$ cat structure-v9.txt   # compact mmCIF, C-alpha atoms and all ligand atoms
# COMPACT_ATOMS: atom_id res chain seq x y z
CA MET U 1 -13.47 -27.79 6.88
CA LYS U 2 -12.58 -24.27 8.04
CA ILE U 3 -10.86 -21.91 5.62
CA ILE U 4 -9.36 -18.44 6.12
CA THR U 5 -8.94 -16.07 3.24
CA THR U 6 -8.17 -12.44 2.48
CA HIS U 7 -8.49 -9.89 -0.31
CA LYS U 8 -7.06 -10.04 -3.82
CA GLY U 9 -3.88 -8.05 -4.37
CA THR U 10 -2.91 -9.24 -0.91
CA ASP U 11 -0.75 -6.78 1.00
CA PHE U 12 1.24 -7.38 4.16
CA ASP U 13 -1.77 -6.64 6.38
CA GLY U 14 -3.83 -9.20 4.46
CA PHE U 15 -1.12 -11.83 4.46
CA ALA U 16 -0.16 -11.25 8.10
CA SER U 17 -3.83 -11.52 9.09
CA LEU U 18 -4.18 -14.73 7.09
CA ILE U 19 -1.25 -16.26 8.96
CA ALA U 20 -2.47 -14.87 12.29
CA GLY U 21 -5.70 -16.70 11.48
CA THR U 22 -3.82 -20.00 11.48
CA ILE U 23 -2.73 -19.25 15.04
CA LEU U 24 -6.20 -18.30 16.23
CA TYR U 25 -7.87 -21.14 14.30
CA PRO U 26 -5.29 -23.94 14.26
CA ASP U 27 -7.65 -26.28 12.37
CA ALA U 28 -8.32 -23.80 9.55
CA VAL U 29 -6.68 -23.85 6.11
CA PRO U 30 -5.27 -20.51 4.88
CA VAL U 31 -6.31 -19.74 1.30
CA LEU U 32 -4.17 -17.12 -0.42
CA PRO U 33 -5.56 -15.31 -3.50
CA LYS U 34 -3.65 -15.66 -6.76
CA THR U 35 -2.79 -11.97 -6.99
CA ILE U 36 -0.54 -10.64 -4.27
CA ASN U 37 1.33 -7.37 -4.11
CA PRO U 38 5.02 -7.24 -5.06
CA ASN U 39 6.28 -6.70 -1.51
CA VAL U 40 4.46 -9.77 -0.23
CA LYS U 41 5.56 -11.73 -3.29
CA ASN U 42 9.20 -11.00 -2.46
CA PHE U 43 8.65 -11.98 1.14
CA LEU U 44 7.01 -15.24 0.12
CA ALA U 45 9.76 -16.01 -2.36
CA LEU U 46 12.04 -16.35 0.64
CA HIS U 47 9.67 -17.65 3.30
CA LYS U 48 7.36 -19.89 1.29
CA GLU U 49 8.16 -23.17 3.04
CA LEU U 50 7.26 -21.66 6.37
CA PHE U 51 3.68 -20.97 5.43
CA GLN U 52 1.48 -23.79 4.21
CA VAL U 53 -1.00 -21.76 2.22
CA LYS U 54 -3.37 -23.12 -0.41
CA SER U 55 -4.72 -21.53 -3.56
CA PRO U 56 -8.50 -21.25 -4.06
CA GLN U 57 -8.25 -23.91 -6.80
CA GLU U 58 -7.04 -26.48 -4.30
CA ILE U 59 -10.13 -26.16 -2.13
CA ASP U 60 -13.14 -28.42 -2.34
CA PHE U 61 -15.77 -25.84 -1.48
CA GLN U 62 -18.36 -28.52 -0.81
CA GLN U 63 -16.38 -29.43 2.27
CA VAL U 64 -16.20 -25.90 3.67
CA THR U 65 -18.30 -25.33 6.77
CA HIS U 66 -16.55 -22.27 8.22
CA LEU U 67 -15.19 -19.22 6.41
CA ILE U 68 -12.95 -16.69 8.14
CA VAL U 69 -12.39 -13.51 6.15
CA VAL U 70 -9.55 -11.18 7.08
CA ASP U 71 -8.63 -7.62 6.03
CA THR U 72 -11.71 -7.09 3.91
CA ASN U 73 -15.44 -7.47 4.35
CA THR U 74 -16.73 -7.49 0.81
CA TRP U 75 -17.32 -10.52 -1.39
CA SER U 76 -16.01 -8.83 -4.53
CA ARG U 77 -12.51 -8.56 -3.07
CA LEU U 78 -12.24 -12.28 -2.43
CA ASP U 79 -10.67 -14.57 -4.99
CA HIS U 80 -12.72 -17.48 -6.39
CA ILE U 81 -14.93 -17.74 -3.36
CA GLU U 82 -18.16 -17.46 -5.39
CA PRO U 83 -19.26 -21.04 -4.63
CA LEU U 84 -19.64 -19.98 -1.00
CA LYS U 85 -21.48 -16.73 -1.55
CA ASP U 86 -25.00 -18.11 -1.54
CA ARG U 87 -24.50 -20.81 1.05
CA THR U 88 -26.86 -20.19 3.94
CA ASP U 89 -25.44 -22.93 6.15
CA LEU U 90 -21.96 -21.39 6.21
CA ASP U 91 -20.47 -20.07 9.43
CA ILE U 92 -18.68 -16.80 8.65
CA PHE U 93 -16.39 -14.68 10.82
CA VAL U 94 -14.89 -11.38 9.64
CA TRP U 95 -11.75 -9.59 10.89
CA ASP U 96 -11.36 -6.15 9.37
CA HIS U 97 -10.49 -2.54 10.07
CA HIS U 98 -12.88 -0.71 7.75
CA PRO U 99 -16.25 -0.59 9.52
CA GLY U 100 -19.25 0.47 7.53
CA LYS U 101 -18.36 -1.00 4.18
CA GLU U 102 -19.23 -4.61 4.78
CA ASP U 103 -21.44 -6.67 2.50
CA ILE U 104 -20.49 -10.05 3.92
CA VAL U 105 -23.20 -11.09 6.33
CA SER U 106 -21.38 -12.90 9.11
CA ASN U 107 -22.26 -14.82 12.24
CA GLY U 108 -19.52 -13.07 14.11
CA LYS U 109 -17.01 -10.35 13.51
CA CYS U 110 -14.25 -8.22 14.89
CA VAL U 111 -14.40 -5.06 12.81
CA LYS U 112 -12.91 -1.97 14.39
CA GLU U 113 -11.37 1.21 13.15
CA THR U 114 -7.66 0.59 13.50
CA GLY U 115 -4.73 1.22 11.20
CA ALA U 116 -4.41 -2.45 10.33
CA THR U 117 -6.43 -5.65 10.67
CA ILE U 118 -3.44 -7.52 12.07
CA THR U 119 -3.57 -5.20 15.09
CA LEU U 120 -6.93 -6.67 16.08
CA MET U 121 -5.69 -10.21 15.58
CA VAL U 122 -2.50 -9.61 17.57
CA GLU U 123 -4.67 -8.33 20.44
CA GLN U 124 -6.62 -11.58 20.35
CA ILE U 125 -3.48 -13.71 20.14
CA ARG U 126 -2.16 -11.92 23.25
CA LYS U 127 -5.44 -12.39 25.05
CA GLU U 128 -5.38 -16.10 24.34
CA GLY U 129 -1.75 -16.27 25.49
CA LYS U 130 -0.58 -17.84 22.23
CA LYS U 131 3.12 -17.82 21.41
CA LEU U 132 4.62 -16.10 18.41
CA THR U 133 7.81 -17.00 16.59
CA GLN U 134 10.19 -14.25 15.51
CA ILE U 135 9.07 -14.71 11.92
CA HIS U 136 5.44 -14.31 12.91
CA ALA U 137 6.26 -11.19 14.88
CA THR U 138 8.22 -9.76 11.95
CA LEU U 139 5.49 -10.52 9.43
CA PHE U 140 2.76 -9.08 11.66
CA LEU U 141 4.75 -5.94 12.26
CA ALA U 142 5.21 -5.60 8.50
CA GLY U 143 1.40 -5.67 8.25
CA ILE U 144 1.04 -2.87 10.77
CA TYR U 145 3.86 -0.78 9.33
CA GLU U 146 2.67 -1.11 5.75
CA ASP U 147 -0.93 -0.18 6.48
CA THR U 148 -0.01 2.67 8.83
CA GLY U 149 3.06 3.94 6.97
CA GLY U 150 5.21 3.03 9.95
CA LEU U 151 2.58 4.36 12.40
CA PHE U 152 2.62 7.65 10.52
CA PHE U 153 -0.72 7.67 8.71
CA PRO U 154 -3.55 9.57 10.39
CA SER U 155 -5.53 6.31 10.46
CA THR U 156 -3.07 4.92 13.03
CA THR U 157 -4.60 4.24 16.43
CA ALA U 158 -3.07 3.66 19.84
CA SER U 159 -3.95 -0.03 19.45
CA ASP U 160 -1.66 -0.24 16.41
CA ALA U 161 1.22 1.24 18.38
CA TYR U 162 0.59 -1.10 21.33
CA ALA U 163 0.47 -4.09 19.00
CA ALA U 164 3.68 -2.91 17.32
CA GLY U 165 5.32 -2.60 20.73
CA TYR U 166 4.24 -6.11 21.64
CA LEU U 167 5.61 -7.49 18.37
CA LEU U 168 8.95 -5.78 18.99
CA GLU U 169 8.99 -7.45 22.41
CA GLN U 170 8.50 -10.72 20.57
CA ASN U 171 11.70 -9.92 18.64
CA ALA U 172 10.23 -8.71 15.36
CA ASP U 173 13.25 -8.12 13.14
CA LEU U 174 13.35 -4.57 11.79
CA THR U 175 16.18 -5.32 9.38
CA VAL U 176 14.20 -8.05 7.66
CA LEU U 177 11.13 -5.88 7.72
CA ASN U 178 12.96 -2.98 6.14
CA SER U 179 14.16 -5.01 3.22
CA PHE U 180 10.64 -6.20 2.40
CA LEU U 181 8.77 -2.96 2.88
CA LYS U 182 10.86 -1.07 0.38
CA PRO U 183 8.88 -0.01 -2.67
CA ALA U 184 8.97 -2.81 -5.17
CA TYR U 185 11.74 -2.22 -7.61
CA ASN U 186 12.67 -5.39 -9.40
CA ALA U 187 14.27 -6.60 -12.62
CA GLU U 188 11.37 -5.39 -14.76
CA GLN U 189 11.54 -1.85 -13.42
CA LYS U 190 15.33 -1.91 -13.59
CA ASN U 191 15.26 -2.82 -17.29
CA ILE U 192 12.84 -0.03 -18.03
CA LEU U 193 15.00 2.46 -16.16
CA PHE U 194 18.07 1.38 -18.15
CA GLU U 195 16.18 1.70 -21.42
CA MET U 196 15.03 5.16 -20.46
CA LEU U 197 18.55 6.21 -19.51
CA LYS U 198 19.91 5.01 -22.86
CA SER U 199 17.66 7.37 -24.75
CA ALA U 200 17.57 10.17 -22.21
CA GLU U 201 17.23 13.60 -23.73
CA ARG U 202 16.79 16.96 -22.13
CA ILE U 203 14.83 19.90 -23.39
CA LYS U 204 14.87 23.38 -22.03
CA ILE U 205 11.59 25.15 -21.50
CA ASN U 206 12.46 28.57 -20.20
CA GLN U 207 14.52 28.14 -17.06
CA HIS U 208 13.61 24.47 -16.60
CA THR U 209 15.15 21.30 -17.94
CA ILE U 210 12.67 18.61 -18.78
CA SER U 211 12.90 15.12 -20.15
CA CYS U 212 10.18 13.24 -22.00
CA ASN U 213 10.93 9.64 -22.71
CA ILE U 214 8.88 7.27 -24.85
CA LEU U 215 9.15 3.60 -24.07
CA GLU U 216 7.27 0.62 -25.41
CA VAL U 217 6.13 -1.78 -22.72
CA GLU U 218 4.43 -5.14 -22.97
CA GLY U 219 1.35 -5.41 -20.83
CA HIS U 220 0.91 -3.83 -17.46
CA VAL U 221 4.04 -2.90 -15.53
CA GLY U 222 3.67 -1.93 -11.89
CA ASN U 223 5.39 0.86 -10.01
CA LEU U 224 6.36 2.91 -13.04
CA SER U 225 6.17 6.07 -10.97
CA ILE U 226 9.15 4.87 -8.93
CA VAL U 227 11.04 4.36 -12.18
CA VAL U 228 10.22 7.85 -13.44
CA ASN U 229 11.25 9.33 -10.13
CA MET U 230 14.61 7.54 -10.18
CA TYR U 231 15.08 8.54 -13.79
CA ARG U 232 14.44 12.18 -12.92
CA GLU U 233 16.93 12.07 -10.08
CA ILE U 234 19.64 10.31 -12.10
CA ILE U 235 19.53 12.56 -15.16
CA ASN U 236 18.99 15.53 -12.87
CA VAL U 237 16.17 17.42 -14.55
CA ASN U 238 13.42 19.55 -13.03
CA ALA U 239 10.74 17.35 -14.46
CA ALA U 240 10.70 13.96 -16.11
CA PHE U 241 7.90 12.32 -18.04
CA GLY U 242 7.70 8.70 -19.05
CA ILE U 243 5.33 7.90 -21.90
CA PHE U 244 4.82 4.15 -21.62
CA PHE U 245 3.20 2.83 -24.75
CA GLU U 246 1.39 -0.48 -24.77
CA LYS U 247 1.31 -1.35 -28.47
CA ASN U 248 -1.37 -4.03 -28.50
CA ARG U 249 -3.84 -2.01 -26.43
CA LYS U 250 -2.69 1.22 -28.09
CA VAL U 251 -2.67 3.12 -24.86
CA SER U 252 -0.02 5.37 -23.38
CA ILE U 253 0.45 5.80 -19.70
CA VAL U 254 2.06 9.14 -19.00
CA ILE U 255 3.76 9.59 -15.66
CA GLY U 256 5.35 12.85 -14.59
CA ARG U 257 7.51 13.81 -11.65
CA SER U 258 8.93 17.21 -10.85
CA ASN U 259 11.03 18.80 -8.14
CA THR U 260 9.71 22.32 -8.54
CA ASP U 261 6.39 23.96 -7.83
CA ASP U 262 6.73 25.88 -11.06
CA LEU U 263 6.09 22.71 -13.03
CA ASN U 264 2.84 21.46 -11.65
CA MET U 265 2.45 17.83 -12.75
CA GLY U 266 -1.15 17.75 -11.63
CA SER U 267 -2.28 20.60 -13.84
CA ILE U 268 -0.04 19.67 -16.78
CA LEU U 269 -1.43 16.14 -16.85
CA LYS U 270 -4.93 17.38 -16.16
CA GLY U 271 -4.57 19.03 -19.56
CA LEU U 272 -4.15 15.53 -20.99
CA GLY U 273 -7.13 14.14 -19.16
CA GLY U 274 -5.25 12.91 -16.11
CA GLY U 275 -4.33 14.60 -12.88
CA GLY U 276 -2.18 14.47 -9.77
CA HIS U 277 -0.36 16.68 -7.31
CA PRO U 278 2.15 19.47 -7.97
CA GLY U 279 5.02 16.96 -7.70
CA ALA U 280 3.50 13.89 -9.32
CA GLY U 281 0.85 13.18 -11.91
CA SER U 282 -0.33 10.69 -14.47
CA ALA U 283 -2.64 10.31 -17.43
CA LEU U 284 -3.91 7.47 -19.58
CA ILE U 285 -4.22 8.27 -23.27
CA LYS U 286 -5.95 6.00 -25.75
CA SER U 287 -5.63 5.63 -29.52
CA LEU U 288 -2.80 8.07 -30.07
CA GLU U 289 0.70 7.38 -31.33
CA PRO U 290 3.22 8.03 -28.54
CA ASP U 291 5.02 10.68 -30.62
CA MET U 292 1.76 12.54 -30.78
CA VAL U 293 1.33 12.19 -27.03
CA LYS U 294 4.79 13.66 -26.53
CA GLU U 295 3.95 16.63 -28.73
CA LEU U 296 0.74 17.26 -26.83
CA LEU U 297 2.58 16.97 -23.57
CA ILE U 298 5.25 19.47 -24.53
CA ASP U 299 2.57 21.88 -25.72
CA GLN U 300 0.88 21.51 -22.40
CA ILE U 301 4.09 22.13 -20.47
CA ARG U 302 4.73 25.31 -22.44
CA LYS U 303 1.22 26.47 -21.73
CA GLU U 304 1.43 25.60 -18.06
CA HIS U 305 5.05 26.25 -17.30
CA GLN U 306 4.40 29.70 -15.89
CA PRO U 307 4.07 29.28 -12.22
CA SER U 308 0.52 30.04 -11.23
CA SER U 309 0.81 33.53 -9.95
CA LEU U 310 -1.25 34.67 -7.04
CA HIS U 311 -3.16 36.74 -9.52
CA ASP U 312 -5.25 33.78 -10.65
CA LEU U 313 -5.74 32.55 -7.16
CA MET U 314 -6.42 35.52 -4.94
CA SER U 315 -9.81 36.73 -3.93
CA HIS U 316 -10.91 40.08 -5.24
CA PRO U 317 -12.49 42.57 -5.08
CA ILE U 318 -11.24 42.84 -1.56
CA ILE U 319 -13.41 43.59 1.37
CA SER U 320 -11.65 46.42 3.11
CA VAL U 321 -12.43 49.51 5.15
CA SER U 322 -11.03 53.03 4.98
CA SER U 323 -9.10 54.41 7.93
CA ASP U 324 -11.97 56.60 9.08
CA THR U 325 -14.51 53.78 9.28
CA SER U 326 -15.88 53.40 12.78
CA MET U 327 -14.90 50.45 14.92
CA LYS U 328 -18.59 49.65 15.25
CA LYS U 329 -18.87 49.23 11.49
CA VAL U 330 -15.70 47.12 11.42
CA ALA U 331 -17.07 44.85 14.12
CA MET U 332 -20.22 44.41 12.08
CA ILE U 333 -18.33 43.45 8.94
CA LEU U 334 -16.06 41.01 10.78
CA ARG U 335 -19.05 39.33 12.36
CA GLU U 336 -21.04 39.21 9.14
CA LYS U 337 -18.18 37.81 7.03
CA GLY U 338 -16.71 35.62 9.73
CA PHE U 339 -13.28 37.18 9.13
CA SER U 340 -10.67 37.58 11.81
CA GLY U 341 -9.30 40.74 10.25
CA LEU U 342 -9.64 43.32 7.48
CA PRO U 343 -7.21 45.40 5.47
CA VAL U 344 -7.52 49.14 5.98
CA VAL U 345 -7.13 50.85 2.62
CA ASP U 346 -6.98 54.52 1.70
CA ASP U 347 -6.71 55.42 -1.99
CA LYS U 348 -5.90 51.81 -2.91
CA LYS U 349 -2.95 51.88 -0.52
CA LEU U 350 -2.80 49.46 2.35
CA VAL U 351 -2.41 51.58 5.49
CA GLY U 352 -3.10 49.02 8.18
CA ILE U 353 -4.78 45.85 9.32
CA ILE U 354 -7.58 45.71 11.83
CA SER U 355 -8.19 42.39 13.53
CA ARG U 356 -10.46 41.07 16.26
CA ARG U 357 -7.52 41.20 18.60
CA ASP U 358 -7.32 44.99 18.20
CA PHE U 359 -10.74 45.38 19.82
CA ARG U 360 -9.03 44.68 23.16
CA LYS U 361 -7.47 48.11 22.83
CA LEU U 362 -10.89 49.71 23.32
CA LYS U 363 -10.97 51.03 26.86
CA ARG U 364 -14.20 53.02 26.97
CA GLU U 365 -17.56 52.11 25.55
CA ASN U 366 -17.84 55.24 23.38
CA GLN U 367 -14.60 54.32 21.60
CA ILE U 368 -16.63 51.95 19.47
CA ASP U 369 -17.58 55.05 17.44
CA SER U 370 -13.95 56.07 16.93
CA PRO U 371 -12.31 55.54 13.56
CA VAL U 372 -10.37 52.36 12.89
CA LYS U 373 -7.10 54.26 12.37
CA ALA U 374 -6.77 54.72 16.13
CA PHE U 375 -6.68 50.97 16.75
CA MET U 376 -5.35 49.26 13.62
CA SER U 377 -1.84 47.87 13.42
CA ARG U 378 0.37 49.74 11.00
CA ASN U 379 3.67 48.03 11.58
CA GLN U 380 5.01 44.74 10.32
CA ILE U 381 2.07 44.04 8.10
CA ILE U 382 2.71 40.87 6.15
CA THR U 383 1.98 41.31 2.46
CA ILE U 384 2.95 39.44 -0.66
CA SER U 385 3.62 40.65 -4.16
CA SER U 386 1.31 39.33 -6.86
CA ASN U 387 4.09 37.71 -8.88
CA LYS U 388 4.98 35.34 -6.05
CA SER U 389 4.02 31.67 -6.18
CA PRO U 390 1.30 29.92 -4.17
CA ALA U 391 4.08 28.03 -2.39
CA GLU U 392 5.56 31.31 -1.15
CA ALA U 393 2.15 32.42 0.07
CA ALA U 394 1.77 29.09 1.86
CA ASN U 395 5.14 29.63 3.54
CA LEU U 396 4.09 33.03 4.86
CA ILE U 397 0.76 31.68 6.07
CA VAL U 398 2.48 28.92 7.99
CA LYS U 399 5.37 31.06 9.26
CA HIS U 400 3.20 33.87 10.63
CA ASP U 401 0.12 31.78 11.36
CA ILE U 402 -2.18 34.14 9.53
CA GLY U 403 -5.21 33.27 7.45
CA ARG U 404 -5.16 36.13 4.97
CA ILE U 405 -2.38 38.03 3.24
CA PRO U 406 -2.95 41.25 1.25
CA VAL U 407 -1.55 40.97 -2.30
CA ILE U 408 0.35 44.03 -3.45
CA GLU U 409 1.10 45.18 -6.98
CA ASN U 410 2.83 48.53 -7.68
CA ASP U 411 2.29 49.58 -4.09
CA GLU U 412 -1.43 49.07 -4.36
CA ILE U 413 -3.49 46.35 -2.79
CA VAL U 414 -5.02 44.22 -5.53
CA GLY U 415 -6.41 41.26 -3.65
CA ILE U 416 -6.25 38.95 -0.67
CA ILE U 417 -4.82 35.49 -0.64
CA THR U 418 -6.37 33.28 1.97
CA ARG U 419 -5.46 29.97 3.49
CA THR U 420 -8.41 28.49 1.61
CA ASP U 421 -7.15 29.83 -1.73
CA VAL U 422 -3.77 28.25 -1.16
CA MET U 423 -5.25 24.96 -0.03
CA ARG U 424 -7.47 24.94 -3.10
CA TYR U 425 -4.42 25.32 -5.26
CA PHE U 426 -2.60 22.45 -3.61
CA TYR U 427 -5.47 20.05 -3.28
CA ASN U 428 -8.05 20.80 -5.91
CA LEU U 429 -5.91 19.32 -8.62
CA VAL U 430 -5.91 15.95 -6.96
CA PRO U 431 -8.25 13.61 -8.81
CA ASP U 432 -9.71 10.47 -7.22
CA LYS U 433 -6.77 8.36 -8.13
CA ALA U 434 -3.52 9.45 -9.72
MN MN U 501 -5.53 -3.63 5.81
$ encode --input "structure-v9.txt" --output "structure tokens" --more "lines below"
Ligand SMILES: [Mn+2]
Amino acid sequence: MKIITTHKGTDFDGFASLIAGTILYPDAVPVLPKTINPNVKNFLALHKELFQVKSPQEIDFQQVTHLIVVDTNTWSRLDHIEPLKDRTDLDIFVWDHHPGKEDIVSNGKCVKETGATITLMVEQIRKEGKKLTQIHATLFLAGIYEDTGGLFFPSTTASDAYAAGYLLEQNADLTVLNSFLKPAYNAEQKNILFEMLKSAERIKINQHTISCNILEVEGHVGNLSIVVNMYREIINVNAAFGIFFEKNRKVSIVIGRSNTDDLNMGSILKGLGGGGHPGAGSALIKSLEPDMVKELLIDQIRKEHQPSSLHDLMSHPIISVSSDTSMKKVAMILREKGFSGLPVVDDKKLVGIISRRDFRKLKRENQIDSPVKAFMSRNQIITISSNKSPAEAANLIVKHDIGRIPVIENDEIVGIITRTDVMRYFYNLVPDKA
């Protein structure tokens, strides 16, 4: 017997690849893991009869001679396939799009770096001239769109787009696809949202309105971040926190969402042992009553609420030159530091900027000994005041395409904010998994 299987927590790419396997291997039995993601679950709720899949429990592993693994290449991600792991007589074929991570030793494989596994299988189906129904085309396109974020993720390859084009030619239905690719928001999440709305309260911390809501939940609930985000939008606060307390495990999951850079969820929740981005963060807190968690959280917000000013972020002391420094010396410093430009500072006042570009103004060789003031630019120097936010610095960097902005305080230059500093602010707070 031939079986095809895919990874636990099956997503659309996994499920689509499993079904594509039944087209490429008509005599193989598709084995679907017990745990599947909510989007696929919804899809199956409607389309179940169309796909004759089996659960691992229904398989007599003694009878299995061929194993086809799709959308993963590690044993640990397969569901109840252990009886096959040590079989040396088994014929294994792997279809996957994450080369380099495999621990399944196979007799054959098609593992290439594409946005989705289904892309590779669609290519093969085309090559073999096999026909697709509209439902197949729709499901396969869902696999590509989900894994590539609608061809948007950087992992997307041209092959994914070609496969998507082919599936659209085969009448993949974008309306159906849309309704199943929406983030899972079902009755469970809806109930939680209603409960939160019933007890919604707002607190004011300086200029911001914030809501912290404690809710008891039973067991694991998925997609709570969507709920918190909807909650924040509905009650219209700058930041919303859900403290979801699981009584029997005595753990609280804290999820925060904000719409302002001034309330950085990542750093607020980092203070509680979690992490995240400026707009979204989470933390898991054990053995604390939820009221206590709320108190800690509010403390942390008060501590953190001040927008990070550029003061904490900028580089200083600054490397600068005075206006009578020779161009030769400037060239040396630029080369040594790998900078593209330097502020020119006299008596702590920024008087100009000298950049590599300005060296084109040198007409004669001996001008290299002339002072920098003859060549620096004095006009339209972009600076930023030290009380501005990192987001404002980022805007300037993008708008003017410059790597370094002098930071000014009381008319004096106090530091330099670089592209790297800003990037560090935005990305350093991101833990492995929020
Ligand atoms: Mn995949």
$ closest_residue --input "structure-v9.txt" --among "U:Gly341, U:Pro33, U:Gly281, U:Pro38" --to "Val69 in chain U" --atoms "all atoms listed in the file"
U:Pro33
$ residues_around --input "structure-v9.txt" --residues "Ser315 in chain U" --least-positions-apart "3" --cutoff "7 Å" --atoms "all atoms listed in the file" --output "list of chain:residue names"
U:Ile318, U:Gly415, U:Ile416, U:Ile417
$ atom_distance --input "structure-v9.txt" --atom1 "CA of Ser155 in chain U" --atom2 "CA of Thr114 in chain U"
6.8 Å
$ closest_residue --input "structure-v9.txt" --among "U:Ile68, U:Ala137, U:Ala239, U:Ala200" --to "Pro30 in chain U" --atoms "all atoms listed in the file"
U:Ile68
$ closest_residue --input "structure-v9.txt" --among "U:Arg126, U:Lys337, U:His136, U:Lys328" --to "Tyr162 in chain U" --atoms "only C-alpha atoms"
U:Arg126
$ closest_atom_pairs --input "structure-v9.txt" --of "chain U" --to "ligand MN 501 (chain U)" --cutoff "8 Å" --atoms "only C-alpha atoms and all ligand atoms" --output "JSON lines"
{"residue": "U:Asp11", "atom": "CA", "partner": "U:MN501", "partner_atom": "MN", "distance": 7.5}
{"residue": "U:Phe12", "atom": "CA", "partner": "U:MN501", "partner_atom": "MN", "distance": 7.9}
{"residue": "U:Asp13", "atom": "CA", "partner": "U:MN501", "partner_atom": "MN", "distance": 4.9}
{"residue": "U:Gly14", "atom": "CA", "partner": "U:MN501", "partner_atom": "MN", "distance": 6.0}
{"residue": "U:Asp71", "atom": "CA", "partner": "U:MN501", "partner_atom": "MN", "distance": 5.1}
{"residue": "U:Thr72", "atom": "CA", "partner": "U:MN501", "partner_atom": "MN", "distance": 7.3}
{"residue": "U:Asp96", "atom": "CA", "partner": "U:MN501", "partner_atom": "MN", "distance": 7.3}
{"residue": "U:His97", "atom": "CA", "partner": "U:MN501", "partner_atom": "MN", "distance": 6.6}
{"residue": "U:Gly115", "atom": "CA", "partner": "U:MN501", "partner_atom": "MN", "distance": 7.3}
{"residue": "U:Ala116", "atom": "CA", "partner": "U:MN501", "partner_atom": "MN", "distance": 4.8}
{"residue": "U:Thr117", "atom": "CA", "partner": "U:MN501", "partner_atom": "MN", "distance": 5.3}
{"residue": "U:Ile118", "atom": "CA", "partner": "U:MN501", "partner_atom": "MN", "distance": 7.7}
{"residue": "U:Gly143", "atom": "CA", "partner": "U:MN501", "partner_atom": "MN", "distance": 7.6}
{"residue": "U:Asp147", "atom": "CA", "partner": "U:MN501", "partner_atom": "MN", "distance": 5.8}
$ atom_distance --input "structure-v9.txt" --atom1 "CA of Ala164 in chain U" --atom2 "CA of Val122 in chain U"
9.1 Å
$ closest_residue --input "structure-v9.txt" --among "U:Leu120, U:Ile301, U:Ala391, U:Ala20" --to "Ser267 in chain U" --atoms "all atoms listed in the file"
U:Ile301
$ atom_distance --input "structure-v9.txt" --atom1 "CA of Asp324 in chain U" --atom2 "CA of Lys373 in chain U"
6.3 Å
$ axis_aligned_box --input "structure-v9.txt" --around "range 240-256 of chain U" --padding-each-side "8 Å" --output "AutoDock Vina command-line options"
--center_x 3.4 --center_y 5.0 --center_z -21.5 --size_x 30.5 --size_y 34.0 --size_z 29.9
$ residues_around --input "structure-v9.txt" --residues "Lys361 in chain U" --least-positions-apart "2" --cutoff "10 Å" --atoms "all atoms listed in the file" --output "list in words"
Arg357, Asp358, Phe359, Lys363, Arg364, Gln367, Ala374, Phe375 and Met376 of chain U
$ residues_around --input "structure-v9.txt" --residues "range 190-194 of chain U" --least-positions-apart "5" --cutoff "8 Å" --atoms "all atoms listed in the file" --output "MDAnalysis selection string"
chainID U and resid 185 215 227:228 230:231
$ residues_around --input "structure-v9.txt" --residues "Leu296 in chain U" --least-positions-apart "3" --cutoff "12 Å" --atoms "only C-alpha atoms" --output "PyMOL selection string"
chain U and resi 212+243+254+268-269+271-273+285+288-293+299-303
$ closest_residue --input "structure-v9.txt" --among "U:Ile59, U:Leu263, U:Ala393, U:Met332" --to "Ile205 in chain U" --atoms "all atoms listed in the file"
U:Leu263
$ closest_residue --input "structure-v9.txt" --among "U:Thr65, U:Ser282, U:Ser355, U:Lys109" --to "Gly266 in chain U" --atoms "only C-alpha atoms"
U:Ser282
$ residues_around --input "structure-v9.txt" --residues "Val53 in chain U" --least-positions-apart "4" --cutoff "10 Å" --atoms "only C-alpha atoms" --output "PyMOL selection string"
chain U and resi 4-5+18-19+22+29-33+48-49
$ write_last_selection --input "structure-v9.txt" --atoms "C-alpha atoms" --output "PDB file, in the coordinates of the input"
ATOM      1  CA  ILE U   4      -9.360 -18.440   6.120  1.00  0.00           C
ATOM      2  CA  THR U   5      -8.940 -16.070   3.240  1.00  0.00           C
ATOM      3  CA  LEU U  18      -4.180 -14.730   7.090  1.00  0.00           C
ATOM      4  CA  ILE U  19      -1.250 -16.260   8.960  1.00  0.00           C
ATOM      5  CA  THR U  22      -3.820 -20.000  11.480  1.00  0.00           C
ATOM      6  CA  VAL U  29      -6.680 -23.850   6.110  1.00  0.00           C
ATOM      7  CA  PRO U  30      -5.270 -20.510   4.880  1.00  0.00           C
ATOM      8  CA  VAL U  31      -6.310 -19.740   1.300  1.00  0.00           C
ATOM      9  CA  LEU U  32      -4.170 -17.120  -0.420  1.00  0.00           C
ATOM     10  CA  PRO U  33      -5.560 -15.310  -3.500  1.00  0.00           C
ATOM     11  CA  LYS U  48       7.360 -19.890   1.290  1.00  0.00           C
ATOM     12  CA  GLU U  49       8.160 -23.170   3.040  1.00  0.00           C
TER      13      GLU U  49
END
